[in-house]
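**Student:** The following file, entry30.cif, comprises mmCIF, C-alpha atoms and all ligand atoms:
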```
data_query
loop_
_atom_site.label_atom_id
_atom_site.label_comp_id
_atom_site.auth_asym_id
_atom_site.auth_seq_id
_atom_site.Cartn_x
_atom_site.Cartn_y
_atom_site.Cartn_z
CA MET A 21 0.00 0.00 0.00
CA ALA A 22 1.27 3.46 -0.91
CA GLY A 23 2.48 5.63 1.95
CA ASN A 24 0.93 8.84 3.19
CA ILE A 25 3.89 11.12 3.70
CA THR A 26 6.63 12.70 1.65
CA LEU A 27 9.45 15.06 2.55
CA THR A 28 9.98 18.27 0.67
CA ILE A 29 12.71 20.88 0.89
CA ILE A 30 12.28 24.37 -0.51
CA LYS A 31 15.85 24.83 -1.71
CA PRO A 32 18.12 27.79 -0.81
CA GLU A 33 17.59 29.79 -4.00
CA ALA A 34 13.80 29.54 -3.76
CA VAL A 35 13.83 30.61 -0.10
CA ALA A 36 16.16 33.51 -1.00
CA HIS A 37 13.74 34.63 -3.72
CA ALA A 38 10.89 34.62 -1.18
CA TYR A 39 9.00 31.87 -3.05
CA THR A 40 8.22 29.97 0.16
CA GLY A 41 4.71 31.35 0.58
CA ASP A 42 3.74 30.79 -3.04
CA ILE A 43 5.10 27.23 -3.01
CA LEU A 44 3.33 26.32 0.25
CA ARG A 45 0.08 27.77 -1.15
CA ILE A 46 0.32 25.52 -4.22
CA ILE A 47 1.08 22.52 -1.99
CA SER A 48 -1.95 23.21 0.22
CA ALA A 49 -4.22 23.89 -2.78
CA ALA A 50 -3.21 20.48 -4.18
CA GLY A 51 -4.63 18.80 -1.08
CA PHE A 52 -1.49 18.11 0.93
CA THR A 53 -1.58 18.67 4.67
CA ILE A 54 1.55 20.18 6.20
CA ALA A 55 2.43 17.71 8.96
CA ALA A 56 5.72 19.38 9.94
CA LEU A 57 7.51 22.56 8.86
CA LYS A 58 10.71 24.42 9.62
CA LEU A 59 13.15 27.04 8.35
CA THR A 60 16.63 25.68 8.87
CA ARG A 61 20.03 25.35 7.24
CA MET A 62 21.93 22.18 6.46
CA SER A 63 25.60 21.96 7.34
CA HIS A 64 27.88 20.72 4.59
CA ALA A 65 28.04 17.34 6.35
CA GLN A 66 24.25 17.09 6.65
CA ALA A 67 23.76 17.92 2.97
CA ALA A 68 26.43 15.38 2.04
CA GLY A 69 24.61 12.72 4.08
CA PHE A 70 21.19 13.62 2.75
CA TYR A 71 22.35 13.22 -0.86
CA LYS A 72 24.82 10.37 -0.36
CA VAL A 73 22.94 8.16 -2.87
CA HIS A 74 24.34 10.57 -5.47
CA LEU A 75 27.93 10.30 -4.20
CA GLU A 76 29.22 8.95 -7.51
CA LYS A 77 27.37 11.47 -9.68
CA PRO A 78 29.33 14.28 -11.35
CA PHE A 79 26.97 16.88 -9.86
CA TYR A 80 27.30 15.65 -6.23
CA ARG A 81 29.88 18.15 -4.93
CA GLU A 82 28.16 21.21 -6.30
CA LEU A 83 24.77 19.91 -5.21
CA VAL A 84 26.00 19.52 -1.61
CA GLU A 85 27.56 22.99 -1.65
CA PHE A 86 24.39 24.50 -3.05
CA MET A 87 22.10 22.79 -0.53
CA ALA A 88 24.27 24.01 2.37
CA SER A 89 24.58 27.53 0.95
CA GLY A 90 21.64 29.11 2.77
CA PRO A 91 18.41 28.58 4.68
CA ILE A 92 15.94 25.99 3.42
CA VAL A 93 12.36 25.17 4.38
CA ALA A 94 11.79 21.50 5.19
CA ALA A 95 8.30 20.03 5.43
CA ILE A 96 6.56 16.69 5.85
CA LEU A 97 3.52 16.58 3.57
CA GLN A 98 0.63 14.21 4.10
CA LYS A 99 -1.75 12.93 1.44
CA GLU A 100 -2.81 9.55 0.13
CA ASN A 101 -0.06 8.26 -2.18
CA ALA A 102 2.02 11.29 -1.14
CA VAL A 103 5.34 10.43 -2.81
CA GLU A 104 3.90 9.92 -6.29
CA GLU A 105 1.35 12.74 -6.00
CA TYR A 106 4.03 15.22 -4.93
CA ARG A 107 6.44 14.18 -7.69
CA LYS A 108 3.60 14.95 -10.11
CA LEU A 109 3.07 18.38 -8.53
CA ILE A 110 6.75 19.35 -8.72
CA GLY A 111 7.49 18.07 -12.25
CA LEU A 112 10.73 16.72 -13.71
CA THR A 113 14.19 17.39 -12.23
CA ASP A 114 15.03 19.85 -15.03
CA PRO A 115 12.66 22.83 -14.78
CA ALA A 116 12.97 23.34 -18.55
CA LYS A 117 11.38 19.89 -19.03
CA ALA A 118 8.84 20.14 -16.19
CA PRO A 119 5.21 20.43 -17.33
CA ALA A 120 3.57 23.86 -17.23
CA GLY A 121 2.14 24.74 -13.84
CA THR A 122 4.40 22.39 -11.88
CA ILE A 123 6.41 23.88 -8.99
CA ARG A 124 9.76 23.32 -10.70
CA GLN A 125 8.52 24.84 -13.96
CA LEU A 126 7.20 27.88 -12.09
CA PHE A 127 10.06 28.48 -9.65
CA GLY A 128 13.11 26.46 -10.79
CA GLU A 129 16.10 28.16 -12.42
CA THR A 130 18.35 25.29 -13.56
CA ILE A 131 18.56 21.51 -13.21
CA ARG A 132 20.47 22.06 -9.93
CA ARG A 133 18.60 25.09 -8.66
CA ASN A 134 15.22 23.48 -9.21
CA ALA A 135 13.28 25.04 -6.31
CA VAL A 136 12.24 21.92 -4.39
CA HIS A 137 13.15 18.41 -3.31
CA GLY A 138 10.62 15.58 -3.21
CA SER A 139 11.20 12.06 -1.81
CA ASP A 140 11.41 9.29 -4.40
CA SER A 141 9.99 6.37 -2.35
CA ASP A 142 8.06 5.66 0.84
CA VAL A 143 11.15 4.24 2.52
CA ASN A 144 13.17 7.34 1.67
CA ALA A 145 10.30 9.66 2.71
CA LEU A 146 10.42 8.20 6.23
CA LYS A 147 14.20 8.33 6.33
CA GLU A 148 14.30 11.92 5.08
CA ALA A 149 11.54 13.02 7.48
CA GLY A 150 13.75 11.73 10.29
CA TYR A 151 16.57 13.95 9.06
CA PHE A 152 14.64 17.09 9.97
CA PHE A 153 11.88 16.26 12.43
CA GLN A 154 11.41 14.51 15.73
CA VAL A 155 8.28 12.36 16.01
CA TRP A 156 6.70 14.93 18.37
CA GLU A 157 7.05 17.64 15.72
CA ARG A 158 4.63 15.89 13.34
CA PHE A 159 0.86 16.52 13.37
CA ASP A 160 -2.20 15.24 11.57
CA ARG A 161 -4.90 17.49 10.11
CA ASP A 162 -6.79 17.47 13.44
CA GLY A 163 -3.74 18.76 15.28
CA ASN A 164 -3.00 15.46 16.97
CA PHE A 165 0.45 13.92 16.90
CA LEU A 166 1.00 11.96 13.71
CA GLU A 167 0.95 8.27 14.54
CA PRO A 168 3.58 6.04 12.92
CA GLU A 169 0.88 4.09 11.07
CA GLU A 170 -0.43 7.33 9.52
CA GLN A 171 3.00 7.90 8.04
CA VAL A 172 3.38 4.60 6.28
CA GLY A 173 -0.21 4.17 5.10
P1 LIG B 201 15.14 14.69 -8.13
O1 LIG B 201 15.39 15.84 -7.20
O2 LIG B 201 14.18 15.04 -9.24
O3 LIG B 201 14.76 13.41 -7.43
P2 LIG B 201 17.77 13.51 -8.45
O4 LIG B 201 17.47 12.74 -7.23
O5 LIG B 201 18.22 12.78 -9.66
O6 LIG B 201 16.52 14.40 -8.90
O7 LIG B 201 18.88 14.60 -8.13
C1 LIG B 201 18.92 15.26 -6.88
C2 LIG B 201 19.19 16.72 -7.13
O8 LIG B 201 20.48 16.86 -7.73
C3 LIG B 201 18.25 17.42 -8.12
O9 LIG B 201 17.03 17.84 -7.54
C4 LIG B 201 19.09 18.58 -8.57
O10 LIG B 201 19.12 19.64 -7.60
C5 LIG B 201 20.47 17.95 -8.63
N1 LIG B 201 20.76 17.43 -9.98
C6 LIG B 201 20.22 16.33 -10.58
N2 LIG B 201 20.72 16.13 -11.82
C7 LIG B 201 21.62 17.14 -12.02
C8 LIG B 201 22.48 17.51 -13.09
N3 LIG B 201 22.52 16.78 -14.22
N4 LIG B 201 23.25 18.60 -12.95
C9 LIG B 201 23.23 19.34 -11.81
N5 LIG B 201 22.45 19.04 -10.75
C10 LIG B 201 21.64 17.96 -10.84
MG MG B 202 15.83 12.31 -6.05
#
```
Please, can you express the file's structure as structure tokens?
**Tutor:**
Amino acid sequence: MAGNITLTIIKPEAVAHAYTGDILRIISAAGFTIAALKLTRMSHAQAAGFYKVHLEKPFYRELVEFMASGPIVAAILQKENAVEEYRKLIGLTDPAKAPAGTIRQLFGETIRRNAVHGSDSDVNALKEAGYFFQVWERFDRDGNFLEPEEQVG
């Protein structure tokens, strides 16, 4: 069964351009509930760990530097089939190839500076959520603490 949460990051360039409000509005309008939210900044080591699946990729070093270059907004989003639904809402990695109206098409600048992160699987969504949020920082739409079973579906 598909999971109910995904992890997004509004990346440094999008936060710097004050796109946070517009992006969160689109997320909410698409039916996602914000289960957790914070403005923070990743250290170089944290960004390196977060993206370690891409260690061998030619873009890894610059990606890590970019993600640690300024404040980000991290959020856990809740919706049925959250991972797939959110990937649809953000569009393809390259904003130039992302469909019209998607978050990356609207706010992305380049394939690296592409406005937002979205988890690519339920397992990674849970792992990535744990990177930024304690379990007591996660809430359901009624304001109650998010139960573990609500996070996996
Ligand atoms: P996605 O974020 O769509 O899941 P990936 O997981 O493949 O994409 O890549 C992680 C991030 O690395 C991308 O969001 C983007 O910021 C950066 N990236 C991906 N491909 C490239 C590339 N060819 N050149 C520069 N940066 C890239
Ligand atoms: Mg990815």
**Student:** Per residue of chain A within 10 Å of ligand LIG 201 (chain B), note the shortest atom pair and the distance in Å to one decimal, counting all atoms listed in the file, and order the rows by chain and increasing residue number, as JSON lines.
**Tutor:**
```
{"residue": "A:Thr28", "atom": "CA", "partner": "B:LIG201", "partner_atom": "O1", "distance": 9.9}
{"residue": "A:Ile29", "atom": "CA", "partner": "B:LIG201", "partner_atom": "O1", "distance": 9.9}
{"residue": "A:Lys31", "atom": "CA", "partner": "B:LIG201", "partner_atom": "O10", "distance": 8.5}
{"residue": "A:Tyr71", "atom": "CA", "partner": "B:LIG201", "partner_atom": "C1", "distance": 7.2}
{"residue": "A:Val73", "atom": "CA", "partner": "B:LIG201", "partner_atom": "O4", "distance": 8.4}
{"residue": "A:His74", "atom": "CA", "partner": "B:LIG201", "partner_atom": "O7", "distance": 7.3}
{"residue": "A:Lys77", "atom": "CA", "partner": "B:LIG201", "partner_atom": "N2", "distance": 8.4}
{"residue": "A:Pro78", "atom": "CA", "partner": "B:LIG201", "partner_atom": "N4", "distance": 7.6}
{"residue": "A:Phe79", "atom": "CA", "partner": "B:LIG201", "partner_atom": "C9", "distance": 4.9}
{"residue": "A:Tyr80", "atom": "CA", "partner": "B:LIG201", "partner_atom": "O8", "distance": 7.1}
{"residue": "A:Arg81", "atom": "CA", "partner": "B:LIG201", "partner_atom": "N5", "distance": 9.5}
{"residue": "A:Glu82", "atom": "CA", "partner": "B:LIG201", "partner_atom": "N5", "distance": 7.6}
{"residue": "A:Leu83", "atom": "CA", "partner": "B:LIG201", "partner_atom": "C5", "distance": 5.8}
{"residue": "A:Val84", "atom": "CA", "partner": "B:LIG201", "partner_atom": "O8", "distance": 8.7}
{"residue": "A:Phe86", "atom": "CA", "partner": "B:LIG201", "partner_atom": "O10", "distance": 8.5}
{"residue": "A:Met87", "atom": "CA", "partner": "B:LIG201", "partner_atom": "O10", "distance": 8.3}
{"residue": "A:Arg107", "atom": "CA", "partner": "B:LIG201", "partner_atom": "O2", "distance": 7.9}
{"residue": "A:Ile110", "atom": "CA", "partner": "B:LIG201", "partner_atom": "O2", "distance": 8.6}
{"residue": "A:Gly111", "atom": "CA", "partner": "B:LIG201", "partner_atom": "O2", "distance": 7.9}
{"residue": "A:Leu112", "atom": "CA", "partner": "B:LIG201", "partner_atom": "O2", "distance": 5.9}
{"residue": "A:Thr113", "atom": "CA", "partner": "B:LIG201", "partner_atom": "O2", "distance": 3.8}
{"residue": "A:Asp114", "atom": "CA", "partner": "B:LIG201", "partner_atom": "N2", "distance": 7.5}
{"residue": "A:Pro115", "atom": "CA", "partner": "B:LIG201", "partner_atom": "O2", "distance": 9.7}
{"residue": "A:Arg124", "atom": "CA", "partner": "B:LIG201", "partner_atom": "O2", "distance": 9.5}
{"residue": "A:Gly128", "atom": "CA", "partner": "B:LIG201", "partner_atom": "O10", "distance": 9.6}
{"residue": "A:Thr130", "atom": "CA", "partner": "B:LIG201", "partner_atom": "C9", "distance": 7.9}
{"residue": "A:Ile131", "atom": "CA", "partner": "B:LIG201", "partner_atom": "N5", "distance": 5.2}
{"residue": "A:Arg132", "atom": "CA", "partner": "B:LIG201", "partner_atom": "O10", "distance": 3.6}
{"residue": "A:Arg133", "atom": "CA", "partner": "B:LIG201", "partner_atom": "O10", "distance": 5.6}
{"residue": "A:Asn134", "atom": "CA", "partner": "B:LIG201", "partner_atom": "O10", "distance": 5.7}
{"residue": "A:Ala135", "atom": "CA", "partner": "B:LIG201", "partner_atom": "O10", "distance": 8.1}
{"residue": "A:Val136", "atom": "CA", "partner": "B:LIG201", "partner_atom": "O9", "distance": 7.0}
{"residue": "A:His137", "atom": "CA", "partner": "B:LIG201", "partner_atom": "O1", "distance": 5.2}
{"residue": "A:Gly138", "atom": "CA", "partner": "B:LIG201", "partner_atom": "O1", "distance": 6.2}
{"residue": "A:Ser139", "atom": "CA", "partner": "B:LIG201", "partner_atom": "O3", "distance": 6.8}
{"residue": "A:Asp140", "atom": "CA", "partner": "B:LIG201", "partner_atom": "O3", "distance": 6.1}
{"residue": "A:Ser141", "atom": "CA", "partner": "B:LIG201", "partner_atom": "O3", "distance": 9.9}
```
**Student:** Which one of A:Leu166, A:Ala65, A:Val93, A:Val103 sits closest to ligand MG 202 (chain B) if you count only C-alpha atoms and all ligand atoms?
**Tutor:**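 Comparing A:Leu166, A:Ala65, A:Val93, A:Val103 against ligand MG 202 (chain B), the winner is A:Val103.
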**Student:** Ranking A:Lys99, A:Arg45, A:Lys72, A:His37 by minimum distance to ligand MG 202 (chain B) and counting only C-alpha atoms and all ligand atoms, which one comes first?
**Tutor:**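 So, comparing all the options, the nearest one is A:Lys72.
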**Student:** So how far away is CA of Gln154 (chain A) from CA of Ser63 (chain A), in Å?
**Tutor:**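 CA of Gln154 (chain A) lies at a distance of 18.1 Å from CA of Ser63 (chain A).
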**Student:** How many Å lie between CA of Ile123 (chain A) and CA of Ile46 (chain A), rounded to one decimal?
**Tutor:** 7.9 Å
**Student:** Residues proximal to (17.2, 16.2, 10.4) were defined as those with any atom within 12 Å of that point in the file's coordinates, counting all atoms listed in the file. Which are they, as a ChimeraX atom specification?
**Tutor:** /A:27,29,56-63,65-67,69-70,93-96,146-155,157
**Student:** So which residues touch Gln171 (chain A) within 7 Å, counting all atoms listed in the file, skipping near sequence neighbours fewer than 3 positions away, as a ChimeraX atom specification?
**Tutor:** /A:23-25,167-168
**Student:** Any chance you could build region 47-65 of chain A out to N, CA and C atoms and write it as a PDB file, keeping the file's coordinate frame?
**Tutor:**
```pdb
ATOM      1  N   ILE A  47       1.105  23.826  -2.664  1.00  0.00           N
ATOM      2  CA  ILE A  47       1.080  22.520  -1.990  1.00  0.00           C
ATOM      3  C   ILE A  47      -0.246  22.307  -1.263  1.00  0.00           C
ATOM      4  N   SER A  48      -0.686  23.320  -0.526  1.00  0.00           N
ATOM      5  CA  SER A  48      -1.950  23.210   0.220  1.00  0.00           C
ATOM      6  C   SER A  48      -3.132  23.106  -0.741  1.00  0.00           C
ATOM      7  N   ALA A  49      -3.115  23.908  -1.804  1.00  0.00           N
ATOM      8  CA  ALA A  49      -4.220  23.890  -2.780  1.00  0.00           C
ATOM      9  C   ALA A  49      -4.330  22.534  -3.467  1.00  0.00           C
ATOM     10  N   ALA A  50      -3.215  21.802  -3.545  1.00  0.00           N
ATOM     11  CA  ALA A  50      -3.210  20.480  -4.180  1.00  0.00           C
ATOM     12  C   ALA A  50      -3.678  19.384  -3.217  1.00  0.00           C
ATOM     13  N   GLY A  51      -4.036  19.766  -2.006  1.00  0.00           N
ATOM     14  CA  GLY A  51      -4.630  18.800  -1.080  1.00  0.00           C
ATOM     15  C   GLY A  51      -3.666  18.144  -0.112  1.00  0.00           C
ATOM     16  N   PHE A  52      -2.439  18.643  -0.060  1.00  0.00           N
ATOM     17  CA  PHE A  52      -1.490  18.110   0.930  1.00  0.00           C
ATOM     18  C   PHE A  52      -1.688  18.834   2.258  1.00  0.00           C
ATOM     19  N   THR A  53      -1.592  18.085   3.329  1.00  0.00           N
ATOM     20  CA  THR A  53      -1.580  18.670   4.670  1.00  0.00           C
ATOM     21  C   THR A  53      -0.127  18.825   5.104  1.00  0.00           C
ATOM     22  N   ILE A  54       0.207  19.990   5.668  1.00  0.00           N
ATOM     23  CA  ILE A  54       1.550  20.180   6.200  1.00  0.00           C
ATOM     24  C   ILE A  54       1.606  19.545   7.585  1.00  0.00           C
ATOM     25  N   ALA A  55       2.358  18.449   7.703  1.00  0.00           N
ATOM     26  CA  ALA A  55       2.430  17.710   8.960  1.00  0.00           C
ATOM     27  C   ALA A  55       3.579  18.190   9.848  1.00  0.00           C
ATOM     28  N   ALA A  56       4.566  18.825   9.215  1.00  0.00           N
ATOM     29  CA  ALA A  56       5.720  19.380   9.940  1.00  0.00           C
ATOM     30  C   ALA A  56       6.359  20.418   9.044  1.00  0.00           C
ATOM     31  N   LEU A  57       6.969  21.448   9.665  1.00  0.00           N
ATOM     32  CA  LEU A  57       7.510  22.560   8.860  1.00  0.00           C
ATOM     33  C   LEU A  57       8.598  23.280   9.640  1.00  0.00           C
ATOM     34  N   LYS A  58       9.712  23.570   8.969  1.00  0.00           N
ATOM     35  CA  LYS A  58      10.710  24.420   9.620  1.00  0.00           C
ATOM     36  C   LYS A  58      11.656  25.120   8.636  1.00  0.00           C
ATOM     37  N   LEU A  59      12.080  26.330   9.049  1.00  0.00           N
ATOM     38  CA  LEU A  59      13.150  27.040   8.350  1.00  0.00           C
ATOM     39  C   LEU A  59      14.444  26.649   9.043  1.00  0.00           C
ATOM     40  N   THR A  60      15.392  26.147   8.272  1.00  0.00           N
ATOM     41  CA  THR A  60      16.630  25.680   8.870  1.00  0.00           C
ATOM     42  C   THR A  60      17.751  25.806   7.850  1.00  0.00           C
ATOM     43  N   ARG A  61      18.925  25.355   8.207  1.00  0.00           N
ATOM     44  CA  ARG A  61      20.030  25.350   7.240  1.00  0.00           C
ATOM     45  C   ARG A  61      20.827  24.079   7.440  1.00  0.00           C
ATOM     46  N   MET A  62      21.147  23.402   6.363  1.00  0.00           N
ATOM     47  CA  MET A  62      21.930  22.180   6.460  1.00  0.00           C
ATOM     48  C   MET A  62      23.416  22.519   6.503  1.00  0.00           C
ATOM     49  N   SER A  63      24.142  21.839   7.376  1.00  0.00           N
ATOM     50  CA  SER A  63      25.600  21.960   7.340  1.00  0.00           C
ATOM     51  C   SER A  63      26.068  21.213   6.091  1.00  0.00           C
ATOM     52  N   HIS A  64      27.314  21.436   5.725  1.00  0.00           N
ATOM     53  CA  HIS A  64      27.880  20.720   4.590  1.00  0.00           C
ATOM     54  C   HIS A  64      27.775  19.205   4.819  1.00  0.00           C
ATOM     55  N   ALA A  65      28.079  18.777   6.039  1.00  0.00           N
ATOM     56  CA  ALA A  65      28.040  17.340   6.350  1.00  0.00           C
ATOM     57  C   ALA A  65      26.621  16.777   6.271  1.00  0.00           C
TER      58      ALA A  65
END
```
